>>> print(open('start13.cif').read())   # mmCIF, C-alpha atoms
data_input
#
loop_
_atom_site.label_atom_id
_atom_site.label_comp_id
_atom_site.auth_asym_id
_atom_site.auth_seq_id
_atom_site.Cartn_x
_atom_site.Cartn_y
_atom_site.Cartn_z
CA MET E 23 126.45 107.36 42.84
CA ASN E 24 127.17 108.17 39.20
CA GLY E 25 127.95 111.77 38.35
CA ARG E 26 125.11 114.26 38.72
CA ASP E 27 122.25 112.98 40.79
CA THR E 28 119.50 115.45 41.47
CA GLY E 29 118.68 116.49 44.99
CA LEU E 30 115.47 114.50 44.91
CA GLN E 31 117.26 111.35 43.84
CA ILE E 32 119.83 111.74 46.58
CA PHE E 33 117.13 112.39 49.14
CA SER E 34 114.99 109.43 48.15
CA ALA E 35 117.96 107.08 47.83
CA GLY E 36 118.41 107.30 51.59
CA ILE E 37 114.82 106.34 52.11
CA PHE E 38 114.36 103.57 49.55
CA LYS E 39 117.21 102.35 47.37
CA ASN E 40 119.92 102.81 49.97
CA ASN E 41 117.83 102.55 53.12
CA PRO E 42 120.42 102.43 55.89
CA ILE E 43 118.75 99.67 57.87
CA LEU E 44 117.01 97.52 55.28
CA VAL E 45 119.64 97.70 52.56
CA GLN E 46 122.90 98.74 54.18
CA ILE E 47 122.12 97.06 57.54
CA LEU E 48 123.65 99.97 59.45
CA GLY E 49 122.59 101.46 62.77
CA ILE E 50 121.24 98.22 64.15
CA CYS E 51 122.25 98.77 67.77
CA SER E 52 119.92 101.69 68.33
CA THR E 53 117.20 99.94 66.34
CA LEU E 54 117.26 97.13 68.86
CA ALA E 55 117.40 99.42 71.83
CA VAL E 56 114.72 102.04 71.40
CA THR E 57 111.98 100.47 69.28
CA ASN E 58 110.00 98.94 72.14
CA SER E 59 108.10 102.20 72.55
CA LEU E 60 106.84 104.44 69.78
CA ARG E 61 107.44 107.67 71.66
CA ASN E 62 111.11 106.96 72.37
CA THR E 63 111.52 105.82 68.77
CA LEU E 64 110.19 109.08 67.43
CA VAL E 65 112.47 111.20 69.60
CA MET E 66 115.44 109.05 68.67
CA SER E 67 114.52 109.40 64.98
CA ILE E 68 114.27 113.17 65.12
CA ALA E 69 117.58 113.33 66.96
CA LEU E 70 119.25 111.13 64.35
CA ILE E 71 117.84 113.10 61.40
CA PHE E 72 119.21 116.28 62.92
CA VAL E 73 122.63 114.82 63.69
CA CYS E 74 122.87 113.22 60.25
CA ALA E 75 121.98 116.44 58.44
CA PHE E 76 124.18 118.59 60.67
CA SER E 77 127.29 116.43 60.47
CA SER E 78 126.99 115.66 56.75
CA GLY E 79 126.55 119.35 56.04
CA MET E 80 129.48 120.37 58.22
CA VAL E 81 131.81 117.68 56.91
CA SER E 82 130.94 118.66 53.37
CA LEU E 83 131.49 122.33 54.13
CA LEU E 84 134.94 121.56 55.50
CA ARG E 85 135.74 118.80 53.01
CA LYS E 86 138.44 120.79 51.20
CA LEU E 87 140.10 121.77 54.48
CA ILE E 88 140.02 118.42 56.24
CA PRO E 89 143.40 116.68 55.81
CA GLY E 90 142.88 113.19 54.41
CA ARG E 91 144.75 111.44 57.17
CA VAL E 92 142.68 112.76 60.03
CA ARG E 93 139.36 112.91 58.24
CA MET E 94 137.78 110.33 60.53
CA MET E 95 138.92 112.22 63.62
CA ALA E 96 137.45 115.38 62.19
CA GLU E 97 134.19 113.63 61.31
CA ILE E 98 133.83 112.17 64.80
CA MET E 99 134.55 115.59 66.29
CA ILE E 100 131.76 117.17 64.24
CA ILE E 101 129.34 114.32 64.93
CA SER E 102 130.01 114.41 68.67
CA THR E 103 129.38 118.13 68.77
CA GLY E 104 125.99 117.63 67.12
CA VAL E 105 125.06 114.75 69.40
CA ILE E 106 126.04 116.53 72.60
CA LEU E 107 123.97 119.52 71.50
CA VAL E 108 120.95 117.25 71.03
CA ASP E 109 121.59 115.58 74.38
CA ILE E 110 121.81 118.88 76.24
CA LEU E 111 118.69 120.15 74.50
CA LEU E 112 116.74 117.04 75.46
CA GLN E 113 117.86 117.26 79.07
CA ALA E 114 116.74 120.85 79.26
CA LYS E 115 113.49 120.68 77.29
CA MET E 116 112.29 117.09 77.60
CA PRO E 117 113.74 115.74 80.85
CA GLU E 118 111.34 112.75 80.98
CA ILE E 119 112.19 111.49 77.52
CA SER E 120 115.87 112.20 78.04
CA LYS E 121 115.74 110.03 81.17
CA GLN E 122 114.07 107.19 79.28
CA LEU E 123 116.44 107.30 76.34
CA GLY E 124 119.35 107.41 78.76
CA PRO E 125 122.65 106.55 77.13
CA TYR E 126 121.16 105.96 73.68
CA VAL E 127 121.28 109.61 72.64
CA GLY E 128 124.99 109.74 73.37
CA LEU E 129 125.39 106.55 71.41
CA ILE E 130 124.22 108.28 68.22
CA ILE E 131 127.89 109.27 67.99
CA THR E 132 128.72 105.67 67.22
CA ASN E 133 125.71 105.14 64.95
CA CYS E 134 127.28 103.83 61.80
CA ILE E 135 124.78 105.62 59.56
CA VAL E 136 126.05 109.07 60.53
CA MET E 137 129.69 108.36 59.90
CA GLY E 138 128.84 106.15 56.94
CA ARG E 139 127.11 109.03 55.16
CA CYS E 140 129.96 111.42 56.00
CA GLU E 141 132.50 109.02 54.56
CA ALA E 142 130.53 107.83 51.56
CA PHE E 143 128.83 111.03 50.48
CA ALA E 144 129.61 114.24 52.34
CA LEU E 145 133.37 114.10 51.71
CA SER E 146 132.89 114.31 47.96
CA ASN E 147 129.73 116.40 47.52
CA PRO E 148 128.67 120.00 48.13
CA PRO E 149 127.03 120.92 51.46
CA HIS E 150 123.41 121.29 50.36
CA LEU E 151 123.40 117.88 48.71
CA ALA E 152 125.22 116.35 51.68
CA ALA E 153 122.68 117.75 54.11
CA LEU E 154 119.90 116.45 51.88
CA ASP E 155 121.56 113.06 51.82
CA GLY E 156 121.84 113.15 55.63
CA ILE E 157 118.17 114.00 56.03
CA GLY E 158 117.18 111.30 53.53
CA SER E 159 119.20 108.63 55.31
CA GLY E 160 117.86 109.85 58.66
CA ILE E 161 114.28 109.57 57.42
CA GLY E 162 114.98 106.16 55.91
CA TYR E 163 116.24 105.03 59.30
CA SER E 164 113.31 106.63 61.08
CA LEU E 165 110.63 105.01 58.91
CA VAL E 166 111.99 101.55 59.57
CA LEU E 167 112.32 102.23 63.30
CA ILE E 168 108.78 103.52 63.51
CA ALA E 169 107.50 100.48 61.61
CA ILE E 170 109.29 98.18 64.06
CA ALA E 171 108.01 100.13 67.07
CA PHE E 172 104.49 99.90 65.65
CA ILE E 173 104.74 96.14 65.89
CA ARG E 174 106.78 95.81 69.07
CA GLU E 175 104.94 98.16 71.39
CA PRO E 176 101.46 96.62 71.00
CA LEU E 177 102.76 93.05 71.11
CA GLY E 178 105.15 93.66 73.99
CA SER E 179 103.30 96.10 76.21
CA GLY E 180 99.76 96.08 74.81
CA THR E 181 99.99 99.81 74.21
CA LEU E 182 100.66 102.26 71.40
CA TRP E 183 102.10 105.68 72.23
CA GLY E 184 101.44 104.76 75.87
CA PHE E 185 97.70 104.12 75.37
CA GLN E 186 96.27 100.68 76.00
CA ILE E 187 95.08 99.28 72.66
CA MET E 188 95.10 95.54 73.20
CA PRO E 189 92.02 93.95 74.81
CA GLY E 190 92.05 92.78 78.42
CA TRP E 191 92.72 89.13 77.67
CA TRP E 192 95.87 90.03 75.76
CA GLN E 193 99.01 88.49 77.19
CA ASN E 194 102.07 90.68 76.58
CA TRP E 195 104.98 89.05 74.79
CA ALA E 196 107.96 89.63 77.01
CA ILE E 197 110.36 88.92 74.13
CA MET E 198 109.04 91.94 72.22
CA VAL E 199 110.11 94.45 74.85
CA MET E 200 113.61 93.06 74.98
CA ALA E 201 116.25 93.68 72.32
CA PRO E 202 115.96 90.21 70.70
CA GLY E 203 112.35 91.03 69.81
CA ALA E 204 113.61 93.68 67.42
CA PHE E 205 115.76 91.11 65.66
CA PHE E 206 112.71 89.04 64.80
CA VAL E 207 110.61 91.99 63.66
CA MET E 208 113.49 93.51 61.70
CA ALA E 209 114.37 90.21 60.02
CA VAL E 210 110.80 89.66 58.88
CA LEU E 211 110.60 93.26 57.67
CA ILE E 212 113.84 92.96 55.70
CA TRP E 213 112.64 89.68 54.25
CA ILE E 214 109.34 91.15 53.08
CA ILE E 215 110.84 94.34 51.67
CA LYS E 216 113.74 92.57 49.98
CA SER E 217 111.50 90.08 48.23
CA PHE E 218 109.53 92.98 46.72
CA HIS E 219 112.51 95.21 46.11
CA HIS E 220 114.50 92.45 44.47
CA GLY E 221 111.84 91.85 41.83
CA GLU E 222 111.77 95.53 40.99
CA GLU E 223 115.52 95.76 40.72
CA CYS E 224 115.68 92.93 38.20
CA ALA E 225 113.06 94.58 36.03
CA CYS E 226 114.69 97.97 35.80
CA SER E 227 118.42 97.34 36.11
CA LYS E 228 119.20 97.28 32.39
CA MET B 16 162.83 119.52 50.47
CA ALA B 17 160.52 116.51 50.72
CA LYS B 18 161.10 116.30 54.42
CA GLN B 19 160.27 119.93 54.94
CA SER B 20 156.98 119.65 53.10
CA LYS B 21 156.12 116.59 55.15
CA ILE B 22 156.67 118.55 58.35
CA ARG B 23 154.58 121.37 56.98
CA GLN B 24 151.83 118.94 56.10
CA ALA B 25 151.91 117.41 59.58
CA ALA B 26 151.84 120.83 61.19
CA GLY B 27 148.87 121.77 59.04
CA THR B 28 147.04 118.65 60.12
CA ILE B 29 147.72 119.31 63.79
CA ILE B 30 146.70 122.94 63.54
CA PHE B 31 143.51 121.95 61.73
CA MET B 32 142.56 119.51 64.48
CA ILE B 33 143.35 122.05 67.21
CA ILE B 34 141.15 124.66 65.57
CA LEU B 35 138.33 122.20 64.93
CA THR B 36 138.50 120.92 68.50
CA SER B 37 138.50 124.42 69.93
CA ILE B 38 135.45 125.41 67.92
CA SER B 39 133.61 122.22 68.92
CA VAL B 40 134.44 122.68 72.59
CA PHE B 41 133.37 126.29 72.41
CA ILE B 42 129.97 125.38 70.90
CA VAL B 43 129.34 122.61 73.42
CA ALA B 44 130.45 124.72 76.38
CA THR B 45 128.17 127.57 75.31
CA ALA B 46 125.18 125.24 74.99
CA PHE B 47 126.01 123.65 78.33
CA HIS B 48 126.15 126.98 80.13
CA ALA B 49 123.00 128.24 78.48
CA THR B 50 120.99 125.24 79.67
CA LYS B 51 122.76 124.44 82.95
CA ALA B 52 120.23 126.23 85.13
CA THR B 53 117.24 124.59 83.43
CA ILE B 54 118.74 121.12 83.70
CA GLU B 55 119.53 121.53 87.39
CA TYR B 56 116.08 122.96 88.00
CA ASN B 57 114.53 119.94 86.29
CA LYS B 58 116.59 117.56 88.41
CA ALA B 59 115.68 119.31 91.66
CA LEU B 60 112.04 119.46 90.59
CA ARG B 61 111.98 115.72 89.99
CA VAL B 62 113.45 114.98 93.42
CA ARG B 63 111.01 117.31 95.14
CA GLN B 64 108.02 115.91 93.28
CA ALA B 65 109.09 112.40 94.24
CA ILE B 66 109.43 113.27 97.92
CA LEU B 67 106.08 115.06 98.05
CA THR B 68 104.33 112.18 96.28
CA VAL B 69 105.62 109.50 98.64
CA SER B 70 104.68 111.49 101.71
CA GLY B 71 101.08 111.49 100.52
CA ILE B 72 100.92 115.14 99.50
CA SER B 73 99.20 115.62 96.15
CA LEU B 74 101.24 117.58 93.63
CA PRO B 75 100.08 120.99 92.42
CA GLU B 76 99.18 121.32 88.72
CA ASP B 77 101.73 124.06 88.26
CA ASP B 78 105.35 122.99 88.53
CA LYS B 79 106.26 126.40 89.90
CA ALA B 80 104.21 125.77 93.04
CA VAL B 81 106.18 122.61 93.85
CA GLY B 82 109.09 124.48 95.41
CA LYS B 83 106.88 126.41 97.80
CA LEU B 84 104.86 123.35 98.80
CA PHE B 85 108.10 121.46 99.38
CA ASP B 86 109.60 124.17 101.59
CA GLU B 87 106.42 124.39 103.65
CA ASN B 88 106.15 120.69 104.35
CA ILE B 89 109.50 119.00 104.07
CA THR B 90 112.63 119.46 106.15
CA ALA B 91 115.85 117.69 105.25
CA LEU B 92 117.82 116.26 108.17
CA LYS B 93 121.51 116.39 107.51
CA ARG B 94 124.43 114.72 109.20
CA ASP B 95 127.93 115.70 108.07
CA ASP B 96 126.35 117.71 105.24
CA LYS B 97 124.69 114.60 103.84
CA ILE B 98 120.94 114.29 103.79
CA VAL B 99 120.02 111.31 105.98
CA TYR B 100 116.26 111.59 105.69
CA TYR B 101 113.43 114.11 105.37
CA THR B 102 110.74 114.84 107.91
CA VAL B 103 107.28 115.59 106.63
CA LYS B 104 105.26 118.11 108.61
CA ASP B 105 102.62 116.36 110.75
CA SER B 106 102.89 113.05 109.02
CA GLY B 107 106.14 111.14 108.88
CA PHE B 108 109.46 110.60 107.21
CA VAL B 109 110.96 110.12 103.77
CA PHE B 110 114.10 108.05 103.22
CA ASN B 111 116.38 107.61 100.23
CA ILE B 112 116.87 103.91 99.61
CA GLU B 113 118.68 101.80 97.07
CA GLY B 114 119.02 98.15 96.18
CA ALA B 115 120.53 95.88 93.57
CA GLY B 116 118.17 95.35 90.65
CA LEU B 117 118.74 93.10 87.69
CA TRP B 118 120.85 95.47 85.59
CA GLY B 119 121.91 98.13 88.06
CA THR B 120 121.18 99.93 91.27
CA ILE B 121 117.56 100.88 91.87
CA HIS B 122 117.24 104.22 93.65
CA ALA B 123 113.99 105.16 95.33
CA VAL B 124 112.46 107.43 97.90
CA VAL B 125 110.07 105.86 100.36
CA GLY B 126 107.67 107.60 102.73
CA ILE B 127 106.94 106.10 106.14
CA ASN B 128 104.35 107.23 108.67
CA ARG B 129 105.18 108.79 112.03
CA GLN B 130 104.78 105.53 113.96
CA LEU B 131 107.31 104.01 111.52
CA ASN B 132 105.09 101.00 110.86
CA ALA B 133 103.42 101.74 107.52
CA ILE B 134 104.47 102.96 104.09
CA THR B 135 102.94 106.15 102.77
CA GLY B 136 104.37 105.84 99.28
CA ILE B 137 107.30 104.81 97.10
CA PHE B 138 108.82 106.37 94.00
CA PHE B 139 111.69 105.06 91.91
CA THR B 140 114.02 107.88 91.05
CA GLU B 141 116.53 105.87 89.07
CA GLN B 142 116.44 102.37 87.61
CA GLN B 143 117.82 100.50 84.63
CA GLU B 144 115.51 97.48 84.77
CA THR B 145 114.36 95.76 81.56
CA PRO B 146 111.83 98.02 79.86
CA GLY B 147 108.43 96.34 79.85
CA LEU B 148 109.41 93.83 82.54
CA GLY B 149 111.29 95.07 85.59
CA GLY B 150 110.94 98.58 84.18
CA ARG B 151 107.23 98.36 85.02
CA ILE B 152 108.07 99.30 88.63
CA ASP B 153 107.61 102.82 87.28
CA GLU B 154 103.96 102.14 86.43
CA PRO B 155 101.44 103.78 88.75
CA TRP B 156 99.64 100.59 89.84
CA PHE B 157 102.88 99.12 91.12
CA LYS B 158 103.99 102.18 93.08
CA GLU B 159 100.55 103.03 94.40
CA GLN B 160 99.88 99.61 95.88
CA PHE B 161 102.52 100.26 98.54
CA SER B 162 100.73 103.08 100.34
CA GLY B 163 99.23 101.84 103.59
CA LYS B 164 101.17 98.59 103.54
CA THR B 165 102.69 97.38 106.82
CA PRO B 166 106.03 95.64 106.32
CA PRO B 167 107.74 93.21 106.52
CA LEU B 168 106.26 92.58 103.10
CA SER B 169 106.08 89.42 101.06
CA MET B 170 105.21 89.03 97.37
CA VAL B 171 102.14 87.54 95.74
CA PRO B 172 101.67 87.00 91.99
CA GLU B 173 100.56 89.93 89.86
CA LYS B 174 96.82 90.70 89.89
CA SER B 175 96.07 88.63 93.00
CA LYS B 176 94.54 90.16 96.11
CA ALA B 177 97.34 91.33 98.38
CA ASP B 178 96.96 91.67 102.16
CA ALA B 179 98.33 94.57 104.16
CA ASN B 180 101.71 92.87 104.40
CA GLN B 181 101.85 91.68 100.79
CA PHE B 182 102.32 93.28 97.41
CA ASP B 183 101.74 92.19 93.81
CA ALA B 184 105.05 91.28 92.22
CA ILE B 185 105.59 91.87 88.50
CA THR B 186 105.21 88.82 86.29
CA GLY B 187 108.47 88.06 84.53
CA ALA B 188 110.46 90.33 86.82
CA THR B 189 111.06 88.29 89.94
CA ILE B 190 114.55 89.65 90.54
CA THR B 191 113.37 93.26 90.32
CA SER B 192 110.35 92.59 92.53
CA THR B 193 112.50 90.84 95.12
CA ALA B 194 114.94 93.75 95.06
CA VAL B 195 112.08 96.16 95.79
CA LYS B 196 110.81 93.91 98.57
CA ASP B 197 114.25 93.75 100.19
CA MET B 198 114.75 97.52 99.88
CA VAL B 199 111.45 98.25 101.57
CA ASN B 200 111.87 95.67 104.32
CA ARG B 201 115.40 96.82 105.08
CA ILE B 202 114.50 100.46 105.47
CA MET B 203 111.54 99.54 107.67
CA SER B 204 113.78 97.65 110.07
CA GLU B 205 116.47 100.34 110.00
CA ALA B 206 114.25 103.41 110.14
CA PRO B 207 113.70 103.54 113.95
CA GLY B 208 117.47 103.37 114.50
CA ILE B 209 118.17 106.08 111.91
CA VAL B 210 115.56 108.42 113.35
CA LYS B 211 116.76 107.86 116.94
CA GLY B 212 120.35 108.42 115.90
CA ALA B 213 119.40 111.78 114.50
CA ILE B 214 117.41 112.81 117.54
CA LYS B 215 120.25 112.39 120.03
#
>>> encode(input="start13.cif", output="structure tokens")
Amino acid sequence: MNGRDTGLQIFSAGIFKNNPILVQILGICSTLAVTNSLRNTLVMSIALIFVCAFSSGMVSLLRKLIPGRVRMMAEIMIISTGVILVDILLQAKMPEISKQLGPYVGLIITNCIVMGRCEAFALSNPPHLAALDGIGSGIGYSLVLIAIAFIREPLGSGTLWGFQIMPGWWQNWAIMVMAPGAFFVMAVLIWIIKSFHHGEECACSK
Amino acid sequence: MAKQSKIRQAAGTIIFMIILTSISVFIVATAFHATKATIEYNKALRVRQAILTVSGISLPEDDKAVGKLFDENITALKRDDKIVYYTVKDSGFVFNIEGAGLWGTIHAVVGINRQLNAITGIFFTEQQETPGLGGRIDEPWFKEQFSGKTPPLSMVPEKSKADANQFDAITGATITSTAVKDMVNRIMSEAPGIVKGAIK
């Protein structure tokens, strides 16, 4: 980032130019795990947006106090606090979804996007921009996940949001409900987006 | 001089981490305590709903009525403070069973009639099977087909017509289906012994 980016630029960078999954290829593990059902994907996305915004904001708020040597420890501490809060909230308010997501909520702690944004942005920017950056990256992640789930759930289970949408003769693709299915969908998605994006970049870079 | 400032720096770092950790722990502990009751209630509710369902009792619309319905109909039989099985008023028994699935242990509750020869229902309380394949044991059609079945059971391919001692296995999930078959057959052969043991 060069000098003074506006809030809007920072926010949209997370969604388009610096999309964590398509461009930075971060946070792949959870992408593979939860995108076989749209409902789980959406909950996971909301959880990640919250954690990203919360931890980026907090790290940025404390950035002048955090000693350089232990900054990663401090970041992980803040991230874990946010994630455990989300986990507890899900268990209390949405027990069914919490059961389905299982360990994946806890694994947001190790989602590279969250720590990546703390390291790359929050440590050197004021809190409101950092939170905005966190939300932007979270939404960028979410959009890609939702797109993948939109393809995987109908192909793999014949349903969308739990409702049957494929006709009776439809044979479910077992590969799509398993993690490798996400690799195929994600690879094709990255391929398509990059071939568009690349053209644009060349036109406007100088 | 330099040494002293290094020590001071290290002390500052340590103090910072202690304070940050304390605050984090405090926040998490507060949230945990605030929601503890709800989480435990949810867990108990799930177990009770499962037991009522497999004993053939239809669940009330209102979750709050589940507790009362459960207390009226179900009695837990304990041995050494551990629940061995449940008796259902006027109709039969409910057992906790488990078996080795593909990725982990499958836990289930199964209802059996009073003559101990037919299943009244099955519900999987915990499973880590592949979502969309073995995970489909949670789908209603799979669970519901067990009521009225008379084990020992054998498997037939999905969507074929199963007899009273057969059930439709899940396509692409042979290991999970076999695990369910073995769980059910084992409890059916052990149930008379367990019930007798408790009666003496």
>>> resolve_selection(input="start13.cif", expression="the PyMOL selection byres ((chain B and resi 96-105) around 10)", output="PyMOL selection string")
chain B and resi 66-67+70-72+85+87-95+106-112+124-129+206+209-210+213
>>> closest_residue(input="start13.cif", among="B:Gly27, B:Gly208, B:Pro75, B:Pro166", to="Ala133 of chain B", atoms="all atoms listed in the file")
B:Pro166
>>> residues_around(input="start13.cif", residues="segment 81-87 of chain E", least_positions_apart="5", cutoff="7 Å", atoms="only C-alpha atoms", output="ChimeraX atom specification")
/E:97,140,144-145,147-149,152
>>> closest_residue(input="start13.cif", among="B:Glu205, B:Glu55, B:Asp78, B:Asp153", to="Leu131 of chain B", atoms="all atoms listed in the file")
B:Glu205
>>> resolve_selection(input="start13.cif", expression="the PyMOL selection byres ((chain B and resi 157-161) around 8)", output="PDB file with C-alpha atoms, keeping the file's coordinate frame")
ATOM      1  CA  ILE B 134     104.470 102.960 104.090  1.00  0.00           C
ATOM      2  CA  THR B 135     102.940 106.150 102.770  1.00  0.00           C
ATOM      3  CA  GLY B 136     104.370 105.840  99.280  1.00  0.00           C
ATOM      4  CA  ILE B 137     107.300 104.810  97.100  1.00  0.00           C
ATOM      5  CA  PHE B 138     108.820 106.370  94.000  1.00  0.00           C
ATOM      6  CA  ARG B 151     107.230  98.360  85.020  1.00  0.00           C
ATOM      7  CA  ILE B 152     108.070  99.300  88.630  1.00  0.00           C
ATOM      8  CA  ASP B 153     107.610 102.820  87.280  1.00  0.00           C
ATOM      9  CA  GLU B 154     103.960 102.140  86.430  1.00  0.00           C
ATOM     10  CA  PRO B 155     101.440 103.780  88.750  1.00  0.00           C
ATOM     11  CA  TRP B 156      99.640 100.590  89.840  1.00  0.00           C
ATOM     12  CA  SER B 162     100.730 103.080 100.340  1.00  0.00           C
ATOM     13  CA  GLY B 163      99.230 101.840 103.590  1.00  0.00           C
ATOM     14  CA  LYS B 164     101.170  98.590 103.540  1.00  0.00           C
ATOM     15  CA  PHE B 182     102.320  93.280  97.410  1.00  0.00           C
ATOM     16  CA  ASP B 183     101.740  92.190  93.810  1.00  0.00           C
TER      17      ASP B 183
END
>>> interface_residues(input="start13.cif", of="chain E", to="chain B", cutoff="9 Å", atoms="all atoms listed in the file", output="PyMOL selection string")
chain E and resi 58+87-92+95-96+99-100+102-104+106-107+110-111+113-115+117+121+178-179+196+198-200
>>> residues_around(input="start13.cif", residues="Val166 of chain E", least_positions_apart="5", cutoff="9 Å", atoms="only C-alpha atoms", output="PyMOL selection string")
chain E and resi 41+43-44+53+161+171+208+211
>>> resolve_selection(input="start13.cif", expression="the PyMOL selection byres ((chain B and resi 179) around 7)", output="list in words")
Lys164, Thr165, Ala177, Asp178, Asn180 and Gln181 of chain B
>>> residues_around(input="start13.cif", residues="Ile131 of chain E", least_positions_apart="5", cutoff="8 Å", atoms="all atoms listed in the file", output="mmCIF file with C-alpha atoms, in the frame of the given file")
data_model
loop_
_atom_site.group_PDB
_atom_site.id
_atom_site.type_symbol
_atom_site.label_atom_id
_atom_site.label_comp_id
_atom_site.auth_asym_id
_atom_site.auth_seq_id
_atom_site.Cartn_x
_atom_site.Cartn_y
_atom_site.Cartn_z
ATOM 1 C CA ILE E 98 133.830 112.170 64.800
ATOM 2 C CA ILE E 101 129.340 114.320 64.930
ATOM 3 C CA SER E 102 130.010 114.410 68.670
ATOM 4 C CA VAL E 105 125.060 114.750 69.400
ATOM 5 C CA VAL E 136 126.050 109.070 60.530
#
>>> atom_distance(input="start13.cif", atom1="atom CA of Asp155 of chain E", atom2="atom CA of Ala75 of chain E")
7.4 Å
>>> atom_distance(input="start13.cif", atom1="atom CA of Thr181 of chain E", atom2="atom CA of Arg61 of chain E")
11.1 Å
>>> atom_distance(input="start13.cif", atom1="atom CA of Arg63 of chain B", atom2="atom CA of Gly82 of chain B")
7.4 Å
>>> residues_around(input="start13.cif", residues="Ile168 of chain E", least_positions_apart="5", cutoff="7 Å", atoms="all atoms listed in the file", output="PDB file with C-alpha atoms, in the frame of the given file")
ATOM      1  CA  LEU E  60     106.840 104.440  69.780  1.00  0.00           C
ATOM      2  CA  THR E  63     111.520 105.820  68.770  1.00  0.00           C
ATOM      3  CA  LEU E  64     110.190 109.080  67.430  1.00  0.00           C
TER       4      LEU E  64
END
>>> closest_residue(input="start13.cif", among="E:Phe72, E:Met188, E:Ala204, E:Ile32", to="Leu54 of chain E", atoms="only C-alpha atoms")
E:Ala204
>>> decode(input="start13.cif", residues="segment 131-143 of chain E", atoms="N, CA, C and O atoms", output="JSON list (two decimals), in the first residue's frame")
[["chain", "number", "residue", "atom", "x", "y", "z"],
["E", 131, "ILE", "N", -8.68, -19.69, 14.01],
["E", 131, "ILE", "CA", -7.47, -19.17, 14.66],
["E", 131, "ILE", "C", -6.27, -19.32, 13.74],
["E", 131, "ILE", "O", -5.44, -18.42, 13.64],
["E", 132, "THR", "N", -6.21, -20.45, 13.06],
["E", 132, "THR", "CA", -5.05, -20.69, 12.20],
["E", 132, "THR", "C", -5.30, -20.27, 10.77],
["E", 132, "THR", "O", -4.49, -20.55, 9.89],
["E", 133, "ASN", "N", -6.44, -19.60, 10.51],
["E", 133, "ASN", "CA", -6.69, -19.13, 9.15],
["E", 133, "ASN", "C", -5.69, -18.03, 8.81],
["E", 133, "ASN", "O", -5.62, -17.00, 9.47],
["E", 134, "CYS", "N", -4.93, -18.28, 7.77],
["E", 134, "CYS", "CA", -3.82, -17.38, 7.46],
["E", 134, "CYS", "C", -4.28, -15.97, 7.16],
["E", 134, "CYS", "O", -3.54, -15.01, 7.35],
["E", 135, "ILE", "N", -5.52, -15.82, 6.66],
["E", 135, "ILE", "CA", -6.00, -14.49, 6.30],
["E", 135, "ILE", "C", -5.97, -13.57, 7.51],
["E", 135, "ILE", "O", -5.52, -12.42, 7.45],
["E", 136, "VAL", "N", -6.47, -14.09, 8.65],
["E", 136, "VAL", "CA", -6.61, -13.25, 9.84],
["E", 136, "VAL", "C", -5.26, -12.71, 10.28],
["E", 136, "VAL", "O", -5.06, -11.50, 10.44],
["E", 137, "MET", "N", -4.31, -13.64, 10.45],
["E", 137, "MET", "CA", -3.00, -13.21, 10.90],
["E", 137, "MET", "C", -2.28, -12.42, 9.81],
["E", 137, "MET", "O", -1.58, -11.46, 10.09],
["E", 138, "GLY", "N", -2.50, -12.82, 8.57],
["E", 138, "GLY", "CA", -1.90, -12.12, 7.45],
["E", 138, "GLY", "C", -2.27, -10.65, 7.44],
["E", 138, "GLY", "O", -1.42, -9.77, 7.26],
["E", 139, "ARG", "N", -3.55, -10.34, 7.66],
["E", 139, "ARG", "CA", -4.00, -8.95, 7.67],
["E", 139, "ARG", "C", -3.46, -8.20, 8.88],
["E", 139, "ARG", "O", -3.14, -7.03, 8.80],
["E", 140, "CYS", "N", -3.36, -8.91, 10.02],
["E", 140, "CYS", "CA", -2.80, -8.26, 11.22],
["E", 140, "CYS", "C", -1.35, -7.84, 10.94],
["E", 140, "CYS", "O", -0.94, -6.72, 11.21],
["E", 141, "GLU", "N", -0.59, -8.80, 10.40],
["E", 141, "GLU", "CA", 0.82, -8.55, 10.14],
["E", 141, "GLU", "C", 1.01, -7.49, 9.06],
["E", 141, "GLU", "O", 1.79, -6.56, 9.23],
["E", 142, "ALA", "N", 0.28, -7.65, 7.96],
["E", 142, "ALA", "CA", 0.55, -6.82, 6.79],
["E", 142, "ALA", "C", -0.07, -5.43, 6.91],
["E", 142, "ALA", "O", 0.45, -4.47, 6.36],
["E", 143, "PHE", "N", -1.17, -5.31, 7.62],
["E", 143, "PHE", "CA", -1.87, -4.03, 7.60],
["E", 143, "PHE", "C", -2.08, -3.42, 8.98],
["E", 143, "PHE", "O", -1.69, -2.28, 9.23]]
